[in-house]
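Beneath this line is the structure, given in C-alpha cells, with notes to follow.
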Amino acid sequence: MDIWNIMEYAAWALAAIFGLIIVADWLRTDSTYSEDVLMSSREGELEAMTEEHKI
Amino acid sequence: MTDFDITSGEADGMGPRGAKVGLLRVLGPAHVWALGVGIVLVGEYMGWNFAVGKGGAYAALIACWFAGLLYSCVAMIDSEVTSTVAAAGGQYTQAKHIVGPLMAFNVGLYLVFAYTMLEAANAITVGFLIDTVAVMSGHDGLDQRPFIVLAIMFLAWLNYRGVLATLTFSLVITAIAFSAIIILFLATSPIFGGDVLRHKELITDLPYGWLGILAAMHFGLWYYLGIEGTTQAAEEVRSPARALPFGTLAGIMTLLIAATLTWYVCVGLMPWEYLGQAGVPLFDAARLSGSTFLMILLGIGTLFATLASANGCINDASRAWFAMGRDHYLPSWFGAVHPVYRTPYRSIIFLVPIALIFALGAPLDQVITFSILSGLLEYTFMPINVILFRKKWPLDTIKRGYEHPFHPLPAIVLLCLCGIAFFAVFLGYGTQLVAMIVFYVIVSLWFHFWRYRFVRRAEQFTMPWPRPQGY
C-alpha cells in the first residue's frame, strides 16, 4: 500500500465526514425550528424597505 | 419546537411581510466577480482548445472573440436587469417578473441543469487531475471516485456553512488561477525576453475553411460559459444596484483578457493537431515552457480553477432551486433558509446526490454538452427578456443600477449569435439538442397542466415596481 492508496481511503473518510456533518445539522435544524420560521423568507423584503425605485 | 424569531431593526433579510429568516446580505463586488469568473475560468484551463481541433488556431481565435461578443451582450443585459431584480434565482426571477411563469419555470430549470452538470463535470476533472499527478509520480490505476466524491462533499459543506466563506474561498483560488495565466504569459512573452513561443512555425491557415470556424463556435463558448451566474448573488450582496453590474462587467473584462492570453500562449507552444485534443492545454503549455515553477503553478491553477467552478455552480444551482421552491414552482420545502448559516440548505443538500450521480455515472462530454445546451437556451431567453423589460418599464419608470448602451443592438446581436451557436452545436451534438428540447417541452406541459395550480399567483410578484406600460 503506497501513499496514493492511503490518500484514496482518506478521501473516502473525509467525504463521509463532510456528508455526516451536513446530514446531522440538517436533522437538528429541522427538529429545532418550526417550518413557519424556516420557510418565512420572502423575495424582495429588503427592497421593499430600502429601494424606492424612484427617479 | 422553538419558534425562532430573529426579527430586529438591524437584521438582514427581515421585512414587513413576516419574514423571520432570510439570506444574508454580506457580499461585495469582489465576491460577485469571484462567482462569475470562478465558474468560467476552468474553461480557459481546459475545453476551449477543442475549438482548435474543429477549425485550427485562427478559427479558435475568431470563435473566442465572437463568443466574447455574445457574452459581453449577456453581461450588459444581465447587469441592467438584475440591478433592479435583486433577488435569488437570477434569470429565473427576471423571467418571472418580466415574461411570465412558464418562461420562468423553464429558465429556472436551464439554470439548475447548466450549473449542476457543470459541477459534475468539474468533479470528474478533479479526479482526472489527481490521477494525472499520481501517474506522474509513478502510481498507476488510481481510483478517482473518492476524490470526485470528496470534491463535491467538501464544497457542498462549504456552501452549507455560509455564503461569505464560500465566495471568499472562491475569490482567493480564482485570483490565484487568473494570476497563473498572467504569469505564464509574461514568462513566455518575447516582450519580456522569452523565446519559447513559435507562432510563425506553428500557426497554419484554416484547415477546414470557414465551416471550421462555425464548428469552433460550440467550444468557443467554453471561454465564458457561466459569467451570467453572478446574478444568483443578487439577494446576498450588500448593494445589488452597484455590486452586480460592477462585478459582472469586471468579470467579463477579466475573461476576455484571460481567453485571449490563453489562446496566444497555447498556439505558440503546441501544433494545432495536438492542442485540439489536449486534456489540460495550459498545463501542457507550462510543461513545454521548460520551467518547473510554471509547471507547478499552472498545475495548481488548473486544480483551483476547477474547484472554484464547482463551488460557484453549487452556489448558483441551489439559489435557483431555492427561489423556485419559495415561489411554489417546486415543492415549497426547498424554499427553507438555515436560521444560523442563512443559506438555502435544503436545496444545497438535494442537489448533492444529483451531482454525484452524474459525476460518477455519466461520460464527461455528455455532461458538458447538456450544460452548454441549457446555458444556450438561457442566453436565447435574455434578448427577449430585455426587450420586454425596456418596453414594459422604460428608463424613466424604474431606477436602474446600470443602463446598457445601444439598446436594442446588444439584444439583436445576442439573438443572432445564439442562432449561430445553436447551429454549431447541432452540427456536433444534434441528437442531444433535440433530446434536450423534447425534455423541456414535456416538463413545460407538466408545469402548465399540473404544477402551476400550487403557485400563489399574487405572492410571487414582489418587486415594488410601478404598473407596466400598457397594463
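For the C-alpha cells, the naming scheme is as follows: chains receive sequential letters (A, B, ...) according to their order of presentation, residues are indexed from 1 within each chain, and ligands are indexed from 1 in presentation order.
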Next on the checklist: What parts of region 150-231 of chain B does DSSP call helix (DSSP H, G or I)? I'd like the answer as a PyMOL selection string.
Outcome noted: chain B and resi 150-161+163-188+190-192+199-202+209-223+227-231
Near Trp65 (chain B), within 9 Å and counting only C-alpha atoms, which residues show up once chain neighbours fewer than 2 positions away are dropped, as a compact mmCIF listing (two decimals) with N, CA and C atoms, in the first residue's frame?
# COMPACT_ATOMS: atom_id res chain seq x y z
N ALA B 60 -10.22 29.14 -33.70
CA ALA B 60 -10.43 29.23 -32.24
C ALA B 60 -10.38 30.69 -31.78
N LEU B 61 -9.50 31.48 -32.41
CA LEU B 61 -9.42 32.90 -32.03
C LEU B 61 -10.69 33.66 -32.45
N ILE B 62 -11.15 33.38 -33.67
CA ILE B 62 -12.38 34.05 -34.13
C ILE B 62 -13.56 33.62 -33.25
N ALA B 63 -13.62 32.31 -32.93
CA ALA B 63 -14.69 31.83 -32.05
C ALA B 63 -14.58 32.48 -30.68
N ALA B 67 -17.63 34.61 -29.42
CA ALA B 67 -18.24 34.19 -28.15
C ALA B 67 -18.08 35.30 -27.12
N GLY B 68 -16.94 36.02 -27.19
CA GLY B 68 -16.74 37.15 -26.28
C GLY B 68 -17.77 38.23 -26.49
N LEU B 69 -18.11 38.46 -27.77
CA LEU B 69 -19.15 39.44 -28.08
C LEU B 69 -20.50 38.97 -27.54
N LEU B 70 -20.78 37.67 -27.74
CA LEU B 70 -22.04 37.10 -27.23
C LEU B 70 -22.14 37.31 -25.72
N GLY B 220 -16.04 27.58 -28.46
CA GLY B 220 -15.70 28.96 -28.12
C GLY B 220 -16.49 29.45 -26.90
N LEU B 256 -12.22 38.15 -21.03
CA LEU B 256 -11.77 38.49 -22.38
C LEU B 256 -10.24 38.52 -22.43
N ALA B 259 -8.92 34.83 -21.86
CA ALA B 259 -9.15 33.97 -23.03
C ALA B 259 -8.13 34.27 -24.12
N THR B 260 -7.92 35.55 -24.40
CA THR B 260 -7.00 35.91 -25.49
C THR B 260 -5.56 35.53 -25.13
Checklist outcome for this item: Using only C-alpha atoms, the shortest atom-to-atom distance to Leu27 (chain A) among B:Met382, B:Ile349, B:Ala151, B:Val135 belongs to B:Ile349
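Using only C-alpha atoms, the contacts of Phe406 (chain B) at a cut-off of 12 Å, with sequence neighbours closer than 6 positions omitted, comprise Cys73, Met76, Ile77, Ile412 and Val413 of chain B.
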Checklist entry - So how many Å separate CA of Thr397 (chain B) and CA of Val99 (chain B), to one decimal? => result 17.7 Å
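Of the listed residues B:Cys418, B:Val237, B:Ile314, B:Ala250, the one whose atoms come nearest to chain A is B:Val237, with distances taken using only C-alpha atoms.
Contact shell of Arg198 (chain B) at 7 Å (only C-alpha atoms; same-chain neighbours under 3 positions omitted): Glu201, Leu202, Gly268 and Leu269 of chain B.
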Requested write-out: N, CA and C atoms of the selected residues, as a PDB file, in the first residue's frame:
ATOM      1  N   GLU B 201       5.939  29.340 -36.882  1.00  0.00           N
ATOM      2  CA  GLU B 201       6.100  27.960 -37.361  1.00  0.00           C
ATOM      3  C   GLU B 201       4.856  27.112 -37.120  1.00  0.00           C
ATOM      4  N   LEU B 202       4.115  27.422 -36.062  1.00  0.00           N
ATOM      5  CA  LEU B 202       3.025  26.519 -35.648  1.00  0.00           C
ATOM      6  C   LEU B 202       1.652  26.894 -36.208  1.00  0.00           C
ATOM      7  N   GLY B 268       1.171  29.219 -29.524  1.00  0.00           N
ATOM      8  CA  GLY B 268       2.585  29.491 -29.763  1.00  0.00           C
ATOM      9  C   GLY B 268       3.493  28.384 -29.265  1.00  0.00           C
ATOM     10  N   LEU B 269       2.904  27.422 -28.540  1.00  0.00           N
ATOM     11  CA  LEU B 269       3.719  26.346 -27.978  1.00  0.00           C
ATOM     12  C   LEU B 269       3.374  24.964 -28.516  1.00  0.00           C
TER      13      LEU B 269
END
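Using only C-alpha atoms, the residues found no farther than 12 Å from Leu14 (chain A), other than those of its own chain fewer than 2 positions away, are A:Met7, A:Glu8, A:Tyr9, A:Ala10, A:Ala11, A:Trp12, A:Ala16, A:Ile17, A:Phe18, A:Gly19, A:Leu20, A:Ile21, B:Pro146, B:Phe147, B:Ile148, B:Val149, B:Leu150, B:Ala151, B:Ile152, B:Met153, B:Phe154, B:Trp157.
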Item to check | Spatial neighbours of region 139-141 of chain B, max dist 12 Å, only C-alpha atoms, sep filter under 5 positions, as a ChimeraX atom specification | outcome: /A:1-5,8 /B:128,130-134
Would you output that residue set with all heavy atoms, as a CSV table (one decimal), in the first residue's frame?
chain,number,residue,atom,x,y,z
A,1,MET,N,0.8,-1.2,0.0
A,1,MET,CA,0.0,0.0,0.0
A,1,MET,C,0.9,1.3,0.0
A,1,MET,O,1.7,1.4,0.9
A,1,MET,CB,-0.9,0.0,1.2
A,1,MET,CG,-1.8,1.2,1.3
A,1,MET,SD,-2.9,1.2,2.7
A,1,MET,CE,-4.2,0.0,2.3
A,2,ASP,N,0.8,2.1,-1.1
A,2,ASP,CA,1.6,3.3,-1.1
A,2,ASP,C,0.8,4.5,-0.7
A,2,ASP,O,-0.4,4.4,-0.3
A,2,ASP,CB,2.2,3.5,-2.5
A,2,ASP,CG,1.2,3.7,-3.6
A,2,ASP,OD1,0.0,3.9,-3.2
A,2,ASP,OD2,1.6,3.8,-4.7
A,3,ILE,N,1.4,5.7,-0.8
A,3,ILE,CA,0.7,6.9,-0.3
A,3,ILE,C,-0.6,7.2,-1.0
A,3,ILE,O,-1.5,7.7,-0.4
A,3,ILE,CB,1.7,8.1,-0.5
A,3,ILE,CG1,1.1,9.4,0.1
A,3,ILE,CG2,2.1,8.3,-1.9
A,3,ILE,CD1,1.1,9.4,1.6
A,4,TRP,N,-0.6,6.8,-2.3
A,4,TRP,CA,-1.9,7.1,-3.1
A,4,TRP,C,-3.0,6.2,-2.6
A,4,TRP,O,-4.2,6.6,-2.6
A,4,TRP,CB,-1.6,6.9,-4.6
A,4,TRP,CG,-0.8,8.0,-5.1
A,4,TRP,CD1,0.6,8.0,-5.4
A,4,TRP,CD2,-1.2,9.3,-5.4
A,4,TRP,NE1,1.0,9.2,-5.9
A,4,TRP,CE2,-0.1,10.1,-5.8
A,4,TRP,CE3,-2.4,10.0,-5.3
A,4,TRP,CZ2,-0.2,11.4,-6.2
A,4,TRP,CZ3,-2.5,11.3,-5.6
A,4,TRP,CH2,-1.4,12.0,-6.1
A,5,ASN,N,-2.7,4.9,-2.2
A,5,ASN,CA,-3.8,4.1,-1.7
A,5,ASN,C,-4.3,4.7,-0.4
A,5,ASN,O,-5.5,4.7,-0.1
A,5,ASN,CB,-3.3,2.7,-1.4
A,5,ASN,CG,-2.9,2.0,-2.8
A,5,ASN,OD1,-1.8,1.6,-3.0
A,5,ASN,ND2,-3.9,1.9,-3.7
A,8,GLU,N,-6.5,7.6,-1.1
A,8,GLU,CA,-7.9,7.1,-1.5
A,8,GLU,C,-8.8,6.9,-0.3
A,8,GLU,O,-9.9,7.4,-0.3
A,8,GLU,CB,-7.8,5.9,-2.4
A,8,GLU,CG,-7.3,6.1,-3.8
A,8,GLU,CD,-7.0,4.7,-4.5
A,8,GLU,OE1,-7.5,3.7,-4.0
A,8,GLU,OE2,-6.4,4.7,-5.5
B,128,PHE,N,-9.6,13.4,-12.5
B,128,PHE,CA,-8.7,13.2,-13.6
B,128,PHE,C,-7.3,13.9,-13.2
B,128,PHE,O,-6.2,13.4,-13.5
B,128,PHE,CB,-9.3,13.8,-14.9
B,128,PHE,CG,-8.3,14.0,-16.0
B,128,PHE,CD1,-7.8,13.0,-16.7
B,128,PHE,CD2,-7.8,15.3,-16.3
B,128,PHE,CE1,-6.9,13.2,-17.7
B,128,PHE,CE2,-6.9,15.5,-17.3
B,128,PHE,CZ,-6.4,14.4,-18.0
B,130,ILE,N,-6.0,14.6,-10.3
B,130,ILE,CA,-5.3,13.9,-9.2
B,130,ILE,C,-4.7,12.6,-9.8
B,130,ILE,O,-3.6,12.2,-9.4
B,130,ILE,CB,-6.2,13.7,-8.0
B,130,ILE,CG1,-6.5,15.0,-7.4
B,130,ILE,CG2,-5.6,12.8,-7.0
B,130,ILE,CD1,-7.5,15.1,-6.3
B,131,ASP,N,-5.4,12.0,-10.7
B,131,ASP,CA,-4.9,10.8,-11.3
B,131,ASP,C,-3.7,11.1,-12.1
B,131,ASP,O,-2.7,10.3,-12.2
B,131,ASP,CB,-6.0,10.2,-12.2
B,131,ASP,CG,-5.6,8.9,-12.8
B,131,ASP,OD1,-5.0,8.0,-12.1
B,131,ASP,OD2,-5.8,8.6,-14.0
B,132,THR,N,-3.7,12.3,-12.8
B,132,THR,CA,-2.5,12.7,-13.6
B,132,THR,C,-1.3,12.9,-12.7
B,132,THR,O,-0.2,12.4,-13.1
B,132,THR,CB,-2.9,14.0,-14.3
B,132,THR,OG1,-4.0,13.9,-15.1
B,132,THR,CG2,-1.7,14.5,-15.2
B,133,VAL,N,-1.5,13.5,-11.6
B,133,VAL,CA,-0.4,13.7,-10.6
B,133,VAL,C,0.1,12.3,-10.1
B,133,VAL,O,1.3,12.1,-10.1
B,133,VAL,CB,-0.8,14.6,-9.4
B,133,VAL,CG1,0.3,14.7,-8.4
B,133,VAL,CG2,-1.3,16.0,-9.9
B,134,ALA,N,-0.8,11.4,-9.9
B,134,ALA,CA,-0.4,10.1,-9.4
B,134,ALA,C,0.4,9.4,-10.5
B,134,ALA,O,1.4,8.8,-10.1
B,134,ALA,CB,-1.7,9.3,-9.1
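The nearest approach to Ile173 (chain B) among the residues B:His31, B:Arg453, B:Arg287, B:His97, with only C-alpha atoms taken into account, belongs to B:His31.
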Next on the checklist: Nearest residue to chain A out of B:Thr262, B:Thr306, B:Gln144, B:Thr116, using only C-alpha atoms?
Outcome noted: B:Gln144
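Distances from B:Pro101, B:Gly22, B:Gly47, B:Gly36 to Ile252 (chain B) were compared using only C-alpha atoms, and the smallest one belongs to B:Gly36.
Residues with any atom within 10 Å of Ser79 (chain B), counting only C-alpha atoms and excluding same-chain neighbours fewer than 3 positions away, are B:Cys73, B:Val74, B:Ala75, B:Met76, B:Thr82, B:Ser83, B:Thr84, B:Glu228, B:Thr230, B:Thr231, B:Pro240, B:Ala241, B:Arg242, B:Ala243, B:Leu244, B:Pro245, B:Phe246, B:Gly247, B:Thr248, B:Leu249, B:Arg400, B:Gly401, B:Tyr402, B:Glu403, B:His404.
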Just the selected residues (N, CA, C and O atoms), exported as an mmCIF file, in the first residue's frame, please.
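As a result, result_21.cif now contains:
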data_model
loop_
_atom_site.group_PDB
_atom_site.id
_atom_site.type_symbol
_atom_site.label_atom_id
_atom_site.label_comp_id
_atom_site.auth_asym_id
_atom_site.auth_seq_id
_atom_site.Cartn_x
_atom_site.Cartn_y
_atom_site.Cartn_z
ATOM 1 N N CYS B 73 -22.634 40.897 -24.492
ATOM 2 C CA CYS B 73 -24.056 41.259 -24.551
ATOM 3 C C CYS B 73 -24.799 40.663 -23.353
ATOM 4 O O CYS B 73 -25.609 41.335 -22.715
ATOM 5 N N VAL B 74 -24.493 39.385 -23.043
ATOM 6 C CA VAL B 74 -25.118 38.732 -21.884
ATOM 7 C C VAL B 74 -24.825 39.523 -20.611
ATOM 8 O O VAL B 74 -25.724 39.807 -19.810
ATOM 9 N N ALA B 75 -23.556 39.900 -20.434
ATOM 10 C CA ALA B 75 -23.159 40.597 -19.199
ATOM 11 C C ALA B 75 -23.828 41.964 -19.097
ATOM 12 O O ALA B 75 -24.289 42.368 -18.018
ATOM 13 N N MET B 76 -23.902 42.685 -20.220
ATOM 14 C CA MET B 76 -24.522 44.022 -20.181
ATOM 15 C C MET B 76 -26.017 43.930 -19.896
ATOM 16 O O MET B 76 -26.554 44.669 -19.057
ATOM 17 N N THR B 82 -30.694 42.707 -13.691
ATOM 18 C CA THR B 82 -30.539 42.189 -12.330
ATOM 19 C C THR B 82 -30.288 43.297 -11.309
ATOM 20 O O THR B 82 -30.507 43.094 -10.120
ATOM 21 N N SER B 83 -29.844 44.461 -11.764
ATOM 22 C CA SER B 83 -29.656 45.552 -10.802
ATOM 23 C C SER B 83 -31.000 46.076 -10.312
ATOM 24 O O SER B 83 -31.068 46.834 -9.350
ATOM 25 N N THR B 84 -32.082 45.654 -10.978
ATOM 26 C CA THR B 84 -33.418 46.043 -10.498
ATOM 27 C C THR B 84 -34.164 44.848 -9.911
ATOM 28 O O THR B 84 -35.067 45.027 -9.112
ATOM 29 N N GLU B 228 -22.835 34.586 -16.506
ATOM 30 C CA GLU B 228 -24.162 35.068 -16.136
ATOM 31 C C GLU B 228 -24.564 34.621 -14.721
ATOM 32 O O GLU B 228 -25.567 35.084 -14.184
ATOM 33 N N THR B 230 -23.365 35.415 -12.003
ATOM 34 C CA THR B 230 -23.230 36.470 -10.992
ATOM 35 C C THR B 230 -24.586 36.915 -10.442
ATOM 36 O O THR B 230 -24.685 37.338 -9.294
ATOM 37 N N THR B 231 -25.623 36.792 -11.265
ATOM 38 C CA THR B 231 -26.939 37.292 -10.844
ATOM 39 C C THR B 231 -27.518 36.496 -9.683
ATOM 40 O O THR B 231 -28.403 36.983 -8.987
ATOM 41 N N PRO B 240 -27.020 45.650 -4.275
ATOM 42 C CA PRO B 240 -27.250 44.996 -5.570
ATOM 43 C C PRO B 240 -27.078 45.937 -6.756
ATOM 44 O O PRO B 240 -26.475 45.565 -7.765
ATOM 45 N N ALA B 241 -27.598 47.142 -6.646
ATOM 46 C CA ALA B 241 -27.569 48.065 -7.793
ATOM 47 C C ALA B 241 -26.144 48.435 -8.186
ATOM 48 O O ALA B 241 -25.874 48.760 -9.338
ATOM 49 N N ARG B 242 -25.212 48.370 -7.239
ATOM 50 C CA ARG B 242 -23.819 48.723 -7.535
ATOM 51 C C ARG B 242 -22.964 47.470 -7.763
ATOM 52 O O ARG B 242 -22.225 47.373 -8.743
ATOM 53 N N ALA B 243 -23.082 46.519 -6.846
ATOM 54 C CA ALA B 243 -22.165 45.382 -6.855
ATOM 55 C C ALA B 243 -22.391 44.445 -8.042
ATOM 56 O O ALA B 243 -21.431 43.919 -8.610
ATOM 57 N N LEU B 244 -23.636 44.242 -8.436
ATOM 58 C CA LEU B 244 -23.906 43.269 -9.502
ATOM 59 C C LEU B 244 -23.380 43.739 -10.859
ATOM 60 O O LEU B 244 -22.658 42.995 -11.536
ATOM 61 N N PRO B 245 -23.708 44.967 -11.306
ATOM 62 C CA PRO B 245 -23.121 45.418 -12.573
ATOM 63 C C PRO B 245 -21.594 45.502 -12.511
ATOM 64 O O PRO B 245 -20.901 45.086 -13.445
ATOM 65 N N PHE B 246 -21.072 46.009 -11.401
ATOM 66 C CA PHE B 246 -19.623 46.162 -11.248
ATOM 67 C C PHE B 246 -18.924 44.804 -11.344
ATOM 68 O O PHE B 246 -17.977 44.602 -12.123
ATOM 69 N N GLY B 247 -19.396 43.847 -10.553
ATOM 70 C CA GLY B 247 -18.773 42.519 -10.525
ATOM 71 C C GLY B 247 -18.915 41.795 -11.849
ATOM 72 O O GLY B 247 -17.972 41.151 -12.327
ATOM 73 N N THR B 248 -20.092 41.906 -12.476
ATOM 74 C CA THR B 248 -20.341 41.185 -13.733
ATOM 75 C C THR B 248 -19.501 41.755 -14.872
ATOM 76 O O THR B 248 -18.871 41.011 -15.632
ATOM 77 N N LEU B 249 -19.482 43.079 -14.990
ATOM 78 C CA LEU B 249 -18.741 43.693 -16.102
ATOM 79 C C LEU B 249 -17.225 43.558 -15.904
ATOM 80 O O LEU B 249 -16.486 43.328 -16.869
ATOM 81 N N ARG B 400 -32.462 52.157 -12.412
ATOM 82 C CA ARG B 400 -31.559 51.036 -12.671
ATOM 83 C C ARG B 400 -30.167 51.343 -12.113
ATOM 84 O O ARG B 400 -29.714 52.488 -12.169
ATOM 85 N N GLY B 401 -29.485 50.286 -11.650
ATOM 86 C CA GLY B 401 -28.113 50.453 -11.200
ATOM 87 C C GLY B 401 -27.177 50.614 -12.385
ATOM 88 O O GLY B 401 -26.075 51.160 -12.262
ATOM 89 N N TYR B 402 -27.605 50.125 -13.540
ATOM 90 C CA TYR B 402 -26.786 50.197 -14.760
ATOM 91 C C TYR B 402 -27.731 50.178 -15.951
ATOM 92 O O TYR B 402 -28.701 49.415 -15.963
ATOM 93 N N GLU B 403 -27.453 51.033 -16.933
ATOM 94 C CA GLU B 403 -28.258 51.038 -18.165
ATOM 95 C C GLU B 403 -27.348 50.640 -19.315
ATOM 96 O O GLU B 403 -26.373 51.343 -19.601
ATOM 97 N N HIS B 404 -27.651 49.521 -19.958
ATOM 98 C CA HIS B 404 -26.737 49.068 -21.021
ATOM 99 C C HIS B 404 -26.930 49.926 -22.268
ATOM 100 O O HIS B 404 -28.041 50.331 -22.596
#
